[in-house]
Amino acid sequence: MTKIAVVFHSGYGHTVKQAEAVAKGANATLIAIDSEGNITEAQWMALNEADAIVFGSPTYMGTVSWQFKKFADASSKPWFSQAWKDKLFAGFTNSATMNGDKLSTLHYLFTLAMQ
């Protein structure tokens, strides 16, 4: 059976609603990045064991939240050991504005997935 993990940060509750919908549709495990930008060791292991990882972050000032960025920077450890090699990735974002800044966030998630 395919294991899917949705790792996300939600600042005001909108992104968690999206994450829950994605997880429900994909029968995925939810991994919430806390308000300090951290996840537990068990959650890191769940990401390593997943076949696919879906990233989710609100768009703040044209990019991901700082909490998601902290998580992304910490993902250099699994990157270095190639723990996420050959996984499938996806991503989503939202914001309160009609501006085009969400596209830059999606580009960020795309670039992170390519690492």
# chains A, B, ... in the order shown; residues from 1 in each chain; ligands from 1

$ residues_around --residues "Ala74 of chain A" --least-positions-apart "2" --cutoff "12 Å" --atoms "only C-alpha atoms" --output "list in words"
Ile33, Gly37, Asn38, Ile39, Thr40, Glu41, Trp44, Gln67, Phe68, Lys69, Lys70, Phe71, Ala72, Ser76, Lys77, Pro78, Trp79, Phe80 and Leu112 of chain A

$ write_last_selection --atoms "N, CA and C atoms" --output "tab-separated table (two decimals), in the first residue's frame"
chain	number	residue	atom	x	y	z
A	33	ILE	N	3.53	21.09	11.17
A	33	ILE	CA	4.70	21.82	11.63
A	33	ILE	C	4.22	22.78	12.71
A	37	GLY	N	8.18	25.92	14.03
A	37	GLY	CA	8.80	25.38	12.82
A	37	GLY	C	9.37	23.99	12.97
A	38	ASN	N	8.90	23.24	13.95
A	38	ASN	CA	9.46	21.92	14.24
A	38	ASN	C	8.46	20.80	14.00
A	39	ILE	N	9.01	19.61	13.74
A	39	ILE	CA	8.24	18.38	13.78
A	39	ILE	C	9.03	17.40	14.64
A	40	THR	N	8.39	16.33	15.09
A	40	THR	CA	9.04	15.37	15.98
A	40	THR	C	9.91	14.39	15.19
A	41	GLU	N	10.75	13.68	15.90
A	41	GLU	CA	11.57	12.64	15.27
A	41	GLU	C	10.69	11.56	14.64
A	44	TRP	N	9.56	12.89	11.36
A	44	TRP	CA	10.63	12.79	10.36
A	44	TRP	C	10.71	11.36	9.81
A	67	GLN	N	7.95	29.27	9.47
A	67	GLN	CA	7.92	27.96	10.11
A	67	GLN	C	8.14	26.86	9.08
A	68	PHE	N	7.49	27.01	7.91
A	68	PHE	CA	7.70	26.00	6.86
A	68	PHE	C	9.13	26.08	6.35
A	69	LYS	N	9.67	27.28	6.22
A	69	LYS	CA	11.05	27.44	5.75
A	69	LYS	C	12.03	26.78	6.71
A	70	LYS	N	11.78	26.89	8.01
A	70	LYS	CA	12.65	26.24	8.99
A	70	LYS	C	12.60	24.73	8.80
A	71	PHE	N	11.40	24.18	8.60
A	71	PHE	CA	11.26	22.75	8.31
A	71	PHE	C	12.03	22.40	7.03
A	72	ALA	N	11.85	23.21	5.99
A	72	ALA	CA	12.52	22.95	4.71
A	72	ALA	C	14.03	22.95	4.87
A	76	SER	N	17.45	19.29	4.92
A	76	SER	CA	18.75	19.04	4.31
A	76	SER	C	19.38	17.75	4.87
A	77	LYS	N	19.00	17.36	6.07
A	77	LYS	CA	19.52	16.10	6.64
A	77	LYS	C	19.04	14.89	5.85
A	78	PRO	N	17.72	14.73	5.61
A	78	PRO	CA	17.32	13.60	4.76
A	78	PRO	C	17.80	13.76	3.31
A	79	TRP	N	17.94	15.00	2.85
A	79	TRP	CA	18.47	15.21	1.51
A	79	TRP	C	19.89	14.67	1.41
A	80	PHE	N	20.71	14.98	2.41
A	80	PHE	CA	22.11	14.57	2.40
A	80	PHE	C	22.25	13.05	2.36
A	112	LEU	N	11.96	22.96	-3.72
A	112	LEU	CA	12.27	22.12	-2.57
A	112	LEU	C	12.13	20.64	-2.93

$ closest_atom_pairs --of "segment 69-110 of chain A" --to "segment 17-24 of chain A" --cutoff "12 Å" --atoms "only C-alpha atoms" --output "JSON lines"
{"residue": "A:Ala90", "atom": "CA", "partner": "A:Val22", "partner_atom": "CA", "distance": 10.5}
{"residue": "A:Gly91", "atom": "CA", "partner": "A:Ala19", "partner_atom": "CA", "distance": 9.9}
{"residue": "A:Phe92", "atom": "CA", "partner": "A:Gln18", "partner_atom": "CA", "distance": 8.1}
{"residue": "A:Thr93", "atom": "CA", "partner": "A:Gln18", "partner_atom": "CA", "distance": 8.4}
{"residue": "A:Asn94", "atom": "CA", "partner": "A:Gln18", "partner_atom": "CA", "distance": 8.7}
{"residue": "A:Ser95", "atom": "CA", "partner": "A:Gln18", "partner_atom": "CA", "distance": 11.7}

$ closest_residue --among "A:His9, A:Lys87, A:Lys3, A:His14" --to "Met114 of chain A" --atoms "only C-alpha atoms"
A:Lys87

$ residues_around --residues "Ala42 of chain A" --least-positions-apart "6" --cutoff "12 Å" --atoms "only C-alpha atoms" --output "PyMOL selection string"
chain A and resi 31+48-49

$ write_last_selection --atoms "C-alpha atoms" --output "PDB file, in the first residue's frame"
ATOM      1  CA  ILE A  31       2.141  16.046   9.878  1.00  0.00           C
ATOM      2  CA  ASN A  48      11.278   9.038   5.357  1.00  0.00           C
ATOM      3  CA  GLU A  49       8.966   6.013   5.146  1.00  0.00           C
TER       4      GLU A  49
END

$ atom_distance --atom1 "atom CA of Ala83 of chain A" --atom2 "atom CA of Gln43 of chain A"
13.7 Å

$ select_by_dssp --residues "chain A" --states "strand (DSSP E or B)" --output "PyMOL selection string"
chain A and resi 4-8+29-32+52-60+63-64+88-94

$ write_last_selection --atoms "C-alpha atoms" --output "PDB file, in the first residue's frame"
ATOM      1  CA  ILE A   4       1.432   9.406   1.636  1.00  0.00           C
ATOM      2  CA  ALA A   5       2.323  12.138   4.122  1.00  0.00           C
ATOM      3  CA  VAL A   6       1.039  15.713   4.128  1.00  0.00           C
ATOM      4  CA  VAL A   7       3.436  18.002   5.977  1.00  0.00           C
ATOM      5  CA  PHE A   8       2.154  21.537   6.492  1.00  0.00           C
ATOM      6  CA  THR A  29      -0.975  10.934   7.255  1.00  0.00           C
ATOM      7  CA  LEU A  30      -1.058  14.542   8.491  1.00  0.00           C
ATOM      8  CA  ILE A  31       2.141  16.046   9.878  1.00  0.00           C
ATOM      9  CA  ALA A  32       1.696  19.520  11.339  1.00  0.00           C
ATOM     10  CA  ALA A  52       4.912  10.506  -1.501  1.00  0.00           C
ATOM     11  CA  ILE A  53       5.123  13.794   0.401  1.00  0.00           C
ATOM     12  CA  VAL A  54       2.732  16.715  -0.026  1.00  0.00           C
ATOM     13  CA  PHE A  55       3.955  20.115   1.185  1.00  0.00           C
ATOM     14  CA  GLY A  56       1.519  22.769   2.426  1.00  0.00           C
ATOM     15  CA  SER A  57       2.156  26.314   3.562  1.00  0.00           C
ATOM     16  CA  PRO A  58       0.302  29.593   3.661  1.00  0.00           C
ATOM     17  CA  THR A  59       1.725  32.327   1.474  1.00  0.00           C
ATOM     18  CA  TYR A  60       3.083  35.186   3.550  1.00  0.00           C
ATOM     19  CA  THR A  63       6.646  32.876  -0.039  1.00  0.00           C
ATOM     20  CA  VAL A  64       6.151  30.115   2.532  1.00  0.00           C
ATOM     21  CA  LEU A  88       6.702  11.737  -5.430  1.00  0.00           C
ATOM     22  CA  PHE A  89       5.983  15.277  -4.249  1.00  0.00           C
ATOM     23  CA  ALA A  90       3.125  17.745  -4.458  1.00  0.00           C
ATOM     24  CA  GLY A  91       2.273  21.035  -2.798  1.00  0.00           C
ATOM     25  CA  PHE A  92      -0.435  23.558  -2.049  1.00  0.00           C
ATOM     26  CA  THR A  93      -0.796  27.044  -0.647  1.00  0.00           C
ATOM     27  CA  ASN A  94      -3.341  29.757   0.034  1.00  0.00           C
TER      28      ASN A  94
END

$ atom_distance --atom1 "atom CA of Lys85 of chain A" --atom2 "atom CA of Ser104 of chain A"
24.1 Å

$ select_by_dssp --residues "chain A" --states "alpha helix (DSSP H)" --output "PyMOL selection string"
chain A and resi 14-26+41-49+66-74+76-80+101-114
